[in-house]
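Novice: The following file, final_12.cif, comprises mmCIF, C-alpha atoms:
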data_work
loop_
_atom_site.label_atom_id
_atom_site.label_comp_id
_atom_site.auth_asym_id
_atom_site.auth_seq_id
_atom_site.Cartn_x
_atom_site.Cartn_y
_atom_site.Cartn_z
CA MET A 117 -20.48 7.05 -24.73
CA ALA A 118 -21.57 3.42 -24.71
CA GLN A 119 -22.14 1.68 -21.39
CA ARG A 120 -19.00 -0.12 -20.17
CA VAL A 121 -18.28 -2.81 -17.60
CA ARG A 122 -15.46 -1.75 -15.28
CA VAL A 123 -13.32 -3.01 -12.43
CA GLN A 124 -11.99 -0.14 -10.31
CA ASN A 125 -9.29 0.14 -7.64
CA PHE A 126 -8.92 -3.62 -7.34
CA GLY A 127 -5.99 -4.52 -5.11
CA VAL A 128 -3.77 -7.56 -5.53
CA SER A 129 -0.28 -8.57 -4.44
CA ARG A 130 2.62 -9.07 -6.85
CA ASP A 131 1.68 -12.74 -6.97
CA GLY A 132 -1.90 -11.86 -7.89
CA ILE A 133 -3.60 -12.56 -4.54
CA GLY A 134 -6.59 -10.32 -3.72
CA ALA A 135 -7.89 -12.02 -0.56
CA GLY A 136 -7.47 -15.05 1.63
CA ALA A 137 -9.86 -17.97 1.19
CA GLU A 138 -10.71 -18.20 4.88
CA GLN A 139 -13.09 -15.23 5.25
CA THR A 140 -14.58 -14.55 8.68
CA LEU A 141 -16.65 -11.77 10.21
CA GLU A 142 -13.49 -10.40 11.84
CA ARG A 143 -11.28 -10.84 8.75
CA PRO A 144 -13.30 -10.13 5.60
CA PHE A 145 -10.16 -10.68 3.50
CA GLY A 146 -8.92 -13.70 5.46
CA HIS A 147 -5.15 -13.63 6.07
CA VAL A 148 -4.82 -10.69 3.68
CA ASP A 149 -4.82 -7.35 5.51
CA PRO A 150 -6.75 -4.86 3.35
CA MET A 151 -5.20 -1.94 5.24
CA GLN A 152 -1.84 -3.14 3.92
CA LEU A 153 -2.94 -4.29 0.45
CA MET A 154 -4.89 -1.06 -0.16
CA ALA A 155 -2.71 1.32 1.88
CA TRP A 156 -2.15 3.47 -1.22
CA ALA A 157 -5.90 4.20 -1.42
CA PHE A 158 -6.50 4.94 2.24
CA THR A 159 -3.94 7.76 2.24
CA THR A 160 -5.65 9.68 -0.58
CA ALA A 161 -8.05 12.58 -0.02
CA SER A 162 -10.97 10.91 -1.79
CA PHE A 163 -11.23 7.21 -0.91
CA PRO A 164 -15.00 6.62 -0.79
CA GLY A 165 -16.27 6.52 2.76
CA MET A 166 -12.87 7.62 4.13
CA GLU A 167 -12.58 11.11 2.61
CA ASN A 168 -9.77 13.07 4.26
CA PRO A 169 -8.94 16.71 3.41
CA GLU A 170 -5.36 16.09 4.60
CA GLY A 171 -4.95 13.13 2.26
CA SER A 172 -2.76 13.06 -0.86
CA ARG A 173 -4.00 14.65 -4.09
CA GLY A 174 -1.58 13.10 -6.55
CA ILE A 175 -2.11 10.42 -9.13
CA GLU A 176 -3.63 7.93 -6.68
CA ASP A 177 -6.27 10.42 -5.64
CA TYR A 178 -7.45 10.58 -9.25
CA LEU A 179 -7.95 6.82 -9.06
CA THR A 180 -9.97 6.86 -5.84
CA ARG A 181 -12.00 9.93 -6.72
CA ASP A 182 -13.08 8.36 -10.00
CA PHE A 183 -14.90 5.57 -8.12
CA ALA A 184 -18.45 6.88 -8.41
CA HIS A 185 -18.16 8.84 -11.65
CA GLY A 186 -20.26 7.42 -14.44
CA ILE A 187 -21.20 4.27 -12.52
CA GLY A 188 -24.89 3.35 -12.33
CA ALA A 189 -24.78 -0.08 -10.70
CA GLU A 190 -22.39 -2.57 -9.11
CA ILE A 191 -22.24 -6.34 -9.25
CA MET A 192 -20.62 -8.08 -6.29
CA GLY A 193 -20.18 -11.62 -5.08
CA ARG A 194 -21.99 -12.78 -1.99
CA HIS A 195 -18.79 -12.82 0.06
CA LYS A 196 -18.23 -9.15 -0.61
CA PHE A 197 -21.67 -8.58 0.90
CA GLY A 198 -21.10 -10.68 4.00
CA PRO A 199 -19.43 -13.71 5.62
CA GLN A 200 -22.56 -15.88 5.66
CA ARG A 201 -22.80 -19.11 3.69
CA GLY A 202 -25.85 -21.14 2.61
CA ALA A 203 -29.47 -20.10 3.13
CA TRP A 204 -30.03 -16.62 4.53
CA THR A 205 -31.03 -16.45 8.18
CA ASP A 206 -32.76 -13.63 9.98
CA ASP A 207 -29.49 -12.33 11.48
CA GLY A 208 -30.01 -8.62 10.68
CA TRP A 209 -26.86 -8.44 8.51
CA ARG A 210 -26.88 -5.34 6.29
CA GLY A 211 -23.41 -5.54 4.72
CA TRP A 212 -19.97 -4.54 6.03
CA TRP A 213 -20.46 -0.81 5.50
CA GLY A 214 -22.84 0.45 8.20
CA GLU A 215 -25.89 2.53 7.38
CA GLU A 216 -24.36 4.53 4.49
CA PRO A 217 -22.56 2.16 2.09
CA PRO A 218 -20.26 3.91 -0.38
CA PHE A 219 -22.08 2.62 -3.49
CA HIS A 220 -25.11 4.95 -3.72
CA THR A 221 -26.42 2.89 -6.64
CA PRO A 222 -28.27 -0.39 -7.05
CA VAL A 223 -26.00 -3.34 -6.24
CA VAL A 224 -26.56 -6.82 -7.67
CA VAL A 225 -25.37 -9.49 -5.22
CA LEU A 226 -24.67 -12.88 -6.79
CA THR A 227 -26.04 -15.68 -4.64
CA HIS A 228 -27.51 -19.16 -4.98
CA HIS A 229 -30.14 -18.09 -2.45
CA GLU A 230 -32.44 -15.36 -3.75
CA ARG A 231 -34.21 -13.00 -1.37
CA GLU A 232 -36.03 -9.67 -1.35
CA PRO A 233 -34.03 -6.49 -2.08
CA LEU A 234 -32.50 -4.69 0.89
CA GLN A 235 -32.15 -0.93 1.04
CA VAL A 236 -29.35 0.53 3.16
CA GLY A 237 -28.93 4.30 2.92
CA GLU A 238 -28.83 5.23 -0.76
CA THR A 239 -27.83 1.72 -1.81
CA THR A 240 -30.28 -1.06 -2.73
CA PHE A 241 -28.94 -4.61 -2.77
CA HIS A 242 -30.65 -7.01 -5.20
CA PHE A 243 -29.93 -10.70 -4.53
CA VAL A 244 -29.97 -12.79 -7.69
CA SER A 245 -28.90 -16.20 -8.88
CA GLY A 246 -28.12 -16.97 -12.51
CA THR A 247 -25.24 -16.62 -14.90
CA PRO A 248 -22.86 -13.64 -15.08
CA GLU A 249 -24.63 -12.70 -18.33
CA GLU A 250 -28.00 -12.62 -16.59
CA ALA A 251 -26.68 -10.61 -13.64
CA LEU A 252 -25.06 -8.17 -16.05
CA ALA A 253 -28.27 -7.76 -18.04
CA LEU A 254 -30.05 -6.76 -14.84
CA ALA A 255 -27.24 -4.44 -13.73
CA ARG A 256 -27.14 -2.75 -17.15
CA GLU A 257 -30.84 -2.05 -16.84
CA LEU A 258 -30.54 -0.76 -13.27
CA ALA A 259 -27.59 1.47 -14.30
CA GLY A 260 -29.78 3.60 -16.55
CA GLY A 261 -27.20 4.02 -19.30
CA LEU A 262 -24.25 4.56 -16.95
CA ASP A 263 -21.40 2.06 -16.57
CA VAL A 264 -21.52 -1.11 -14.47
CA ARG A 265 -18.85 -1.78 -11.87
CA ILE A 266 -17.74 -5.35 -11.18
CA GLY A 267 -16.94 -4.81 -7.52
CA GLY A 268 -15.35 -8.14 -6.58
CA GLY A 269 -14.28 -10.17 -4.80
CA VAL A 270 -11.64 -12.10 -6.67
CA SER A 271 -13.90 -14.99 -7.70
CA THR A 272 -16.52 -12.63 -9.08
CA VAL A 273 -13.98 -10.70 -11.16
CA ARG A 274 -12.58 -14.04 -12.42
CA GLN A 275 -16.07 -15.23 -13.35
CA PHE A 276 -16.72 -12.08 -15.41
CA LEU A 277 -13.28 -12.23 -17.01
CA ASP A 278 -13.81 -15.87 -17.93
CA ALA A 279 -17.14 -14.94 -19.53
CA ASP A 280 -15.33 -12.09 -21.35
CA LEU A 281 -17.75 -9.47 -20.03
CA ILE A 282 -15.26 -6.86 -18.74
CA ASP A 283 -14.24 -3.78 -20.76
CA ASP A 284 -11.98 -1.84 -18.34
CA MET A 285 -9.90 -2.80 -15.32
CA HIS A 286 -7.75 -0.85 -12.93
CA VAL A 287 -5.78 -3.24 -10.75
CA ALA A 288 -3.42 -1.88 -8.10
CA ILE A 289 -0.49 -4.25 -7.61
CA ALA A 290 0.96 -3.72 -4.14
CA PRO A 291 4.63 -4.55 -3.45
CA LEU A 292 3.69 -7.59 -1.37
CA GLU A 293 3.65 -11.35 -1.84
CA TYR A 294 1.19 -13.63 -0.06
CA GLY A 295 2.01 -17.01 -1.59
CA GLU A 296 -1.51 -18.33 -1.12
CA GLY A 297 -5.07 -17.07 -1.31
CA LEU A 298 -7.63 -16.16 -3.92
CA LYS A 299 -5.77 -15.41 -7.10
CA LEU A 300 -6.82 -12.95 -9.79
CA TRP A 301 -3.96 -13.84 -12.14
CA ASP A 302 -0.34 -14.91 -12.27
CA SER A 303 0.39 -11.56 -13.90
CA PRO A 304 -1.49 -9.01 -16.03
CA GLU A 305 0.14 -10.59 -19.07
CA ASP A 306 -2.32 -13.48 -18.64
CA LEU A 307 -4.76 -11.10 -20.31
CA ALA A 308 -2.49 -9.85 -23.10
CA GLY A 309 -4.22 -10.10 -26.46
CA ARG A 310 -7.63 -9.55 -24.92
CA PHE A 311 -6.81 -6.10 -23.54
CA THR A 312 -4.50 -3.19 -24.09
CA ILE A 313 -2.34 -3.13 -20.95
CA GLU A 314 -0.69 -0.05 -19.43
CA LYS A 315 1.32 0.11 -16.22
CA VAL A 316 2.44 3.05 -14.15
CA THR A 317 4.31 2.84 -10.87
CA ALA A 318 3.29 5.49 -8.34
CA PRO A 319 5.66 6.97 -5.75
CA SER A 320 3.87 4.71 -3.21
CA GLY A 321 5.56 1.73 -4.87
CA VAL A 322 2.24 0.42 -6.13
CA GLU A 323 2.10 -0.56 -9.79
CA HIS A 324 -1.19 0.60 -11.27
CA CYS A 325 -2.25 -1.59 -14.12
CA PHE A 326 -4.90 -0.48 -16.60
CA LEU A 327 -6.52 -2.88 -19.02
CA TRP A 328 -9.09 -1.89 -21.59
CA ARG A 329 -10.56 -3.08 -24.85
CA MET B 189 -14.92 18.93 1.41
CA ALA B 190 -13.84 22.57 1.38
CA GLN B 191 -13.83 24.48 -1.89
CA ARG B 192 -10.43 24.31 -3.61
CA VAL B 193 -8.72 26.25 -6.37
CA ARG B 194 -7.30 23.93 -9.00
CA VAL B 195 -5.24 23.93 -12.19
CA GLN B 196 -6.01 20.88 -14.35
CA ASN B 197 -4.30 19.29 -17.35
CA PHE B 198 -1.99 22.25 -17.86
CA GLY B 199 0.60 21.48 -20.53
CA VAL B 200 4.16 22.80 -20.54
CA SER B 201 7.43 21.77 -22.15
CA ARG B 202 10.44 20.52 -20.18
CA ASP B 203 11.69 24.09 -20.08
CA GLY B 204 8.38 25.28 -18.65
CA ILE B 205 6.89 26.92 -21.74
CA GLY B 206 3.10 26.73 -22.06
CA ALA B 207 2.51 28.98 -25.09
CA GLY B 208 4.19 31.39 -27.44
CA ALA B 209 3.86 35.11 -26.80
CA GLU B 210 2.77 35.89 -30.37
CA GLN B 211 -0.87 34.72 -30.25
CA THR B 212 -2.96 35.08 -33.42
CA LEU B 213 -6.40 33.94 -34.51
CA GLU B 214 -4.76 31.14 -36.52
CA ARG B 215 -2.25 30.20 -33.79
CA PRO B 216 -3.89 30.58 -30.35
CA PHE B 217 -0.68 29.25 -28.73
CA GLY B 218 1.72 31.17 -30.98
CA HIS B 219 4.71 29.09 -32.09
CA VAL B 220 3.71 26.35 -29.65
CA ASP B 221 1.62 23.62 -31.30
CA PRO B 222 -1.01 22.51 -28.78
CA MET B 223 -1.59 19.31 -30.75
CA GLN B 224 2.01 18.42 -29.96
CA LEU B 225 2.22 19.83 -26.43
CA MET B 226 -1.05 18.18 -25.41
CA ALA B 227 -0.85 15.09 -27.63
CA TRP B 228 -1.12 12.86 -24.54
CA ALA B 229 -4.59 14.29 -23.79
CA PHE B 230 -6.02 14.15 -27.30
CA THR B 231 -5.43 10.40 -27.54
CA THR B 232 -7.50 9.61 -24.44
CA ALA B 233 -11.15 8.53 -24.53
CA SER B 234 -12.39 11.44 -22.44
CA PHE B 235 -10.72 14.71 -23.42
CA PRO B 236 -13.53 17.28 -23.03
CA GLY B 237 -15.02 18.19 -26.38
CA MET B 238 -13.01 15.47 -28.16
CA GLU B 239 -14.45 12.34 -26.56
CA ASN B 240 -13.45 9.23 -28.49
CA PRO B 241 -14.62 5.70 -27.62
CA GLU B 242 -11.49 4.32 -29.34
CA GLY B 243 -9.21 6.46 -27.18
CA SER B 244 -6.92 5.20 -24.42
CA ARG B 245 -8.36 4.42 -20.99
CA GLY B 246 -5.17 4.27 -18.96
CA ILE B 247 -3.79 6.71 -16.44
CA GLU B 248 -4.02 9.72 -18.74
CA ASP B 249 -7.71 9.13 -19.32
CA TYR B 250 -8.26 9.48 -15.57
CA LEU B 251 -6.66 12.91 -15.84
CA THR B 252 -8.79 14.12 -18.75
CA ARG B 253 -12.02 12.62 -17.47
CA ASP B 254 -11.59 14.39 -14.13
CA PHE B 255 -11.84 17.79 -15.86
CA ALA B 256 -15.45 18.61 -15.01
CA HIS B 257 -15.82 16.69 -11.76
CA GLY B 258 -16.38 18.91 -8.77
CA ILE B 259 -15.72 22.14 -10.67
CA GLY B 260 -18.30 24.93 -10.38
CA ALA B 261 -16.55 27.82 -12.16
CA GLU B 262 -13.44 28.65 -14.18
CA ILE B 263 -11.25 31.71 -14.23
CA MET B 264 -9.37 32.40 -17.47
CA GLY B 265 -7.25 35.18 -18.89
CA ARG B 266 -8.55 37.26 -21.75
CA HIS B 267 -6.17 35.61 -24.22
CA LYS B 268 -7.60 32.21 -23.46
CA PHE B 269 -10.98 33.65 -24.46
CA GLY B 270 -9.78 35.23 -27.71
CA PRO B 271 -7.00 36.91 -29.68
CA GLN B 272 -8.41 40.44 -29.37
CA ARG B 273 -6.54 43.20 -27.54
CA GLY B 274 -7.77 46.54 -26.16
CA ALA B 275 -11.41 47.66 -26.11
CA TRP B 276 -13.98 45.09 -27.27
CA THR B 277 -15.41 45.64 -30.73
CA ASP B 278 -18.63 44.28 -32.13
CA ASP B 279 -16.86 41.48 -34.03
CA GLY B 280 -19.20 38.64 -32.98
CA TRP B 281 -16.40 36.68 -31.25
CA ARG B 282 -17.81 34.01 -28.92
CA GLY B 283 -14.62 32.23 -27.85
CA TRP B 284 -12.51 29.54 -29.56
CA TRP B 285 -14.88 26.70 -28.82
CA GLY B 286 -17.89 27.06 -31.11
CA GLU B 287 -21.43 26.93 -29.78
CA GLU B 288 -20.85 24.31 -27.06
CA PRO B 289 -17.75 25.23 -25.04
CA PRO B 290 -16.45 22.40 -22.82
CA PHE B 291 -16.81 24.35 -19.55
CA HIS B 292 -20.56 24.05 -18.81
CA THR B 293 -20.11 26.39 -15.82
CA PRO B 294 -19.79 30.12 -15.31
CA VAL B 295 -16.40 31.38 -16.55
CA VAL B 296 -14.77 34.53 -15.21
CA VAL B 297 -12.67 36.21 -17.93
CA LEU B 298 -10.02 38.60 -16.62
CA THR B 299 -9.91 41.80 -18.69
CA HIS B 300 -9.18 45.47 -18.31
CA HIS B 301 -12.28 46.11 -20.42
CA GLU B 302 -15.48 45.05 -18.68
CA ARG B 303 -18.56 44.13 -20.68
CA GLU B 304 -21.90 42.35 -20.29
CA PRO B 305 -21.90 38.57 -19.70
CA LEU B 306 -22.04 36.34 -22.79
CA GLN B 307 -23.82 33.01 -22.80
CA VAL B 308 -22.60 30.33 -25.23
CA GLY B 309 -24.27 26.94 -24.89
CA GLU B 310 -24.19 25.97 -21.21
CA THR B 311 -21.30 28.32 -20.45
CA THR B 312 -21.68 31.95 -19.33
CA PHE B 313 -18.63 34.19 -19.64
CA HIS B 314 -18.39 37.04 -17.11
CA PHE B 315 -15.86 39.75 -18.03
CA VAL B 316 -14.31 41.38 -14.98
CA SER B 317 -11.38 43.60 -14.13
CA GLY B 318 -9.81 43.69 -10.69
CA THR B 319 -7.29 41.72 -8.69
CA PRO B 320 -6.94 37.93 -8.71
CA GLU B 321 -8.45 37.99 -5.21
CA GLU B 322 -11.53 39.82 -6.47
CA ALA B 323 -11.95 37.54 -9.47
CA LEU B 324 -11.61 34.51 -7.21
CA ALA B 325 -14.20 35.86 -4.76
CA LEU B 326 -16.67 36.12 -7.64
CA ALA B 327 -15.77 32.68 -9.02
CA ARG B 328 -16.14 31.09 -5.57
CA GLU B 329 -19.62 32.53 -5.32
CA LEU B 330 -20.57 31.42 -8.85
CA ALA B 331 -19.21 27.92 -8.14
CA GLY B 332 -21.86 27.25 -5.52
CA GLY B 333 -19.56 25.37 -3.14
CA LEU B 334 -17.76 23.41 -5.85
CA ASP B 335 -14.10 23.95 -6.74
CA VAL B 336 -12.78 26.74 -8.93
CA ARG B 337 -10.56 25.96 -11.92
CA ILE B 338 -7.80 28.35 -12.91
CA GLY B 339 -7.94 27.61 -16.62
CA GLY B 340 -4.94 29.57 -17.88
CA GLY B 341 -3.19 30.77 -19.91
CA VAL B 342 0.29 30.83 -18.51
CA SER B 343 0.15 34.45 -17.31
CA THR B 344 -3.11 33.86 -15.47
CA VAL B 345 -1.78 30.78 -13.69
CA ARG B 346 1.38 32.74 -12.77
CA GLN B 347 -0.72 35.61 -11.41
CA PHE B 348 -2.70 33.26 -9.17
CA LEU B 349 0.46 31.43 -8.08
CA ASP B 350 2.15 34.72 -7.24
CA ALA B 351 -0.89 35.70 -5.16
CA ASP B 352 -0.69 32.27 -3.47
CA LEU B 353 -4.30 31.44 -4.33
CA ILE B 354 -3.86 27.95 -5.84
CA ASP B 355 -4.41 24.75 -3.86
CA ASP B 356 -3.93 21.99 -6.48
CA MET B 357 -2.12 21.77 -9.79
CA HIS B 358 -1.76 19.05 -12.38
CA VAL B 359 0.88 20.08 -14.91
CA ALA B 360 1.71 17.74 -17.80
CA ILE B 361 5.35 18.15 -18.79
CA ALA B 362 5.78 17.05 -22.41
CA PRO B 363 9.17 15.75 -23.63
CA LEU B 364 9.75 18.91 -25.70
CA GLU B 365 11.86 22.06 -25.39
CA TYR B 366 10.80 25.38 -26.91
CA GLY B 367 13.53 27.70 -25.65
CA GLU B 368 11.30 30.75 -25.70
CA GLY B 369 7.70 31.62 -24.96
CA LEU B 370 5.44 32.16 -21.98
CA LYS B 371 7.02 30.38 -19.05
CA LEU B 372 5.18 28.79 -16.13
CA TRP B 373 8.36 27.87 -14.25
CA ASP B 374 11.95 26.77 -14.67
CA SER B 375 10.94 23.52 -13.00
CA PRO B 376 8.29 22.32 -10.53
CA GLU B 377 10.93 22.63 -7.82
CA ASP B 378 10.44 26.41 -8.03
CA LEU B 379 7.34 25.70 -5.93
CA ALA B 380 8.92 23.29 -3.43
CA GLY B 381 8.13 24.33 0.13
CA ARG B 382 4.78 25.77 -0.90
CA PHE B 383 3.38 22.51 -2.24
CA THR B 384 3.77 18.77 -1.89
CA ILE B 385 5.08 17.67 -5.30
CA GLU B 386 4.56 14.26 -6.89
CA LYS B 387 5.69 13.16 -10.35
CA VAL B 388 4.71 10.16 -12.41
CA THR B 389 5.90 9.45 -15.93
CA ALA B 390 3.26 7.90 -18.18
CA PRO B 391 4.04 5.48 -21.01
CA SER B 392 3.45 8.45 -23.37
CA GLY B 393 6.70 9.94 -22.08
CA VAL B 394 4.85 12.81 -20.42
CA GLU B 395 5.79 13.56 -16.84
CA HIS B 396 2.64 14.31 -14.87
CA CYS B 397 3.36 16.62 -12.00
CA PHE B 398 0.91 17.03 -9.13
CA LEU B 399 1.24 19.83 -6.61
CA TRP B 400 -1.07 20.31 -3.67
CA ARG B 401 -1.19 21.95 -0.28
#
Here is the file; what I need is its structure written in the form of structure tokens.
Specialist:
Amino acid sequence: MAQRVRVQNFGVSRDGIGAGAEQTLERPFGHVDPMQLMAWAFTTASFPGMENPEGSRGIEDYLTRDFAHGIGAEIMGRHKFGPQRGAWTDDGWRGWWGEEPPFHTPVVVLTHHEREPLQVGETTFHFVSGTPEEALALARELAGGLDVRIGGGVSTVRQFLDADLIDDMHVAIAPLEYGEGLKLWDSPEDLAGRFTIEKVTAPSGVEHCFLWR
Amino acid sequence: MAQRVRVQNFGVSRDGIGAGAEQTLERPFGHVDPMQLMAWAFTTASFPGMENPEGSRGIEDYLTRDFAHGIGAEIMGRHKFGPQRGAWTDDGWRGWWGEEPPFHTPVVVLTHHEREPLQVGETTFHFVSGTPEEALALARELAGGLDVRIGGGVSTVRQFLDADLIDDMHVAIAPLEYGEGLKLWDSPEDLAGRFTIEKVTAPSGVEHCFLWR
């Protein structure tokens, strides 16, 4: 089937917040606690990088285990890669994920400061500036016919939504409210008309929202 | 992760009927209409052998697209393979699926009448008699470390449940009642205690039931 551009397992609160603005090395999601926002995913058997044979194998495991299937490249914002700002320094940073990142594909990192690619385990990070369209053209090529994941964070997903480049989204709406932070949307209905929208509430209390076109 | 034995996308009515007893060449499911019982699956983008780019990409597409992932072999009953009974005749039957069956793995067909393996497309059918335990031992070996699917029909799934050989089940309970036919269960609660049970109702009206241990 034709190559698609997908957002997978993206967690937001009921008020649409996916992360805090004040990212630090210690708090990659700022005041938002990812262990709380994404609790539903961490308890499944198949969350990438946290596989657990004792984990749940219900509907939410289908969502986490689908992560790598059919994906040939990811695009992420610079803040998903690391907490640095401005020009790169020789600080030895290799991403948040240790020596075996869960991507196992080329990753395009959006940045205003280009640099040489960095290979970590089976993942190669390519640092590129340019428009979302340009980054996507590169990612499509790197993906070798497979789909492209828009991996976040919030601003990156917003950028690709605003440029109307996304085909599929799975957003997990946790039963939490943060009030402030980086906002994906007021509600999924913001995107009505552009996407078919389907919602299913899991026993975890999380509302899984699927959007496709 | 350890090799598991799984039932996937198995359709039954609210009263637990998965097929009629009176199978014929024209009606593989007897009085049960699979297009009705499994309607939820046929409208997704990814149902194996019926892929459709215009299909739905919500929660039920995750269920159909998971079909092949991590599976190294299937076990099926003889009636899933064909409508014949008794000794095999030289009738040229190669299964219901044409020249490219959707399995793409070795398939173990349970029969009282052994015969030589049959290759159709990327699928090889092995015809074996013996206990469920013996068939599973062969399928585990053929699966090369991947999971084994118990593909049905109803009697085959029951046999493997009765022998306590199944680790994971996804059963799709359609909003239909048939009254009579081949029965998987009275309700999923028949298996409470042996499995963790989770249920999620999709917008299609189908109740997806996940059981794992």
Novice: Rank nothing, just name the residue among B:His292, B:Trp285, B:Arg245, B:Arg346 nearest to Cys325 (chain A), using only C-alpha atoms.
Specialist: B:Arg245
Novice: Distance cut-off 10 Å, counting all atoms listed in the file - which residues of chain B neighbour chain A? Return them as a PyMOL selection string.
Specialist: chain B and resi 189-190+233-234+239-248+250-251+253-254+257+356-358+384-391+396-401
Novice: Of the candidates A:Ile191, A:Val287, A:Ala279, A:Ala137, which one gets nearest to Ser245 (chain A) if we count only C-alpha atoms?
Specialist: A:Ile191
Novice: Interatomic distance between CA of Phe230 (chain B) and CA of Arg328 (chain B)?
Specialist: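 CA of Arg328 (chain B) lies 29.4 Å from CA of Phe230 (chain B).
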Novice: Centre and edge lengths of an axis-aligned box around all listed atoms of region 280-286 of chain B, with 6 Å added on each side, are to be given in Å to one decimal, as AutoDock Vina command-line options.
Specialist:
--center_x -15.9 --center_y 32.7 --center_z -30.4 --size_x 18.7 --size_y 23.9 --size_z 17.1
Novice: Selecting C-alpha atoms, how would region 268-288 of chain B from this structure be written as an mmCIF file, in the first residue's frame?
Specialist:
data_model
loop_
_atom_site.group_PDB
_atom_site.id
_atom_site.type_symbol
_atom_site.label_atom_id
_atom_site.label_comp_id
_atom_site.auth_asym_id
_atom_site.auth_seq_id
_atom_site.Cartn_x
_atom_site.Cartn_y
_atom_site.Cartn_z
ATOM 1 C CA LYS B 268 -10.888 -24.923 7.817
ATOM 2 C CA PHE B 269 -8.772 -26.386 5.007
ATOM 3 C CA GLY B 270 -11.687 -27.790 3.006
ATOM 4 C CA PRO B 271 -15.168 -29.316 2.964
ATOM 5 C CA GLN B 272 -13.995 -32.889 2.308
ATOM 6 C CA ARG B 273 -14.588 -35.692 4.807
ATOM 7 C CA GLY B 274 -12.928 -39.114 5.134
ATOM 8 C CA ALA B 275 -9.982 -40.307 3.052
ATOM 9 C CA TRP B 276 -8.438 -37.739 0.688
ATOM 10 C CA THR B 277 -9.293 -38.161 -2.980
ATOM 11 C CA ASP B 278 -7.403 -36.801 -5.942
ATOM 12 C CA ASP B 279 -9.824 -33.878 -6.394
ATOM 13 C CA GLY B 280 -7.178 -31.145 -6.819
ATOM 14 C CA TRP B 281 -8.388 -29.207 -3.746
ATOM 15 C CA ARG B 282 -5.781 -26.677 -2.585
ATOM 16 C CA GLY B 283 -7.691 -24.883 0.179
ATOM 17 C CA TRP B 284 -10.278 -22.078 0.074
ATOM 18 C CA TRP B 285 -7.791 -19.322 -0.618
ATOM 19 C CA GLY B 286 -6.668 -19.635 -4.235
ATOM 20 C CA GLU B 287 -3.011 -19.642 -5.193
ATOM 21 C CA GLU B 288 -1.800 -17.144 -2.562
#
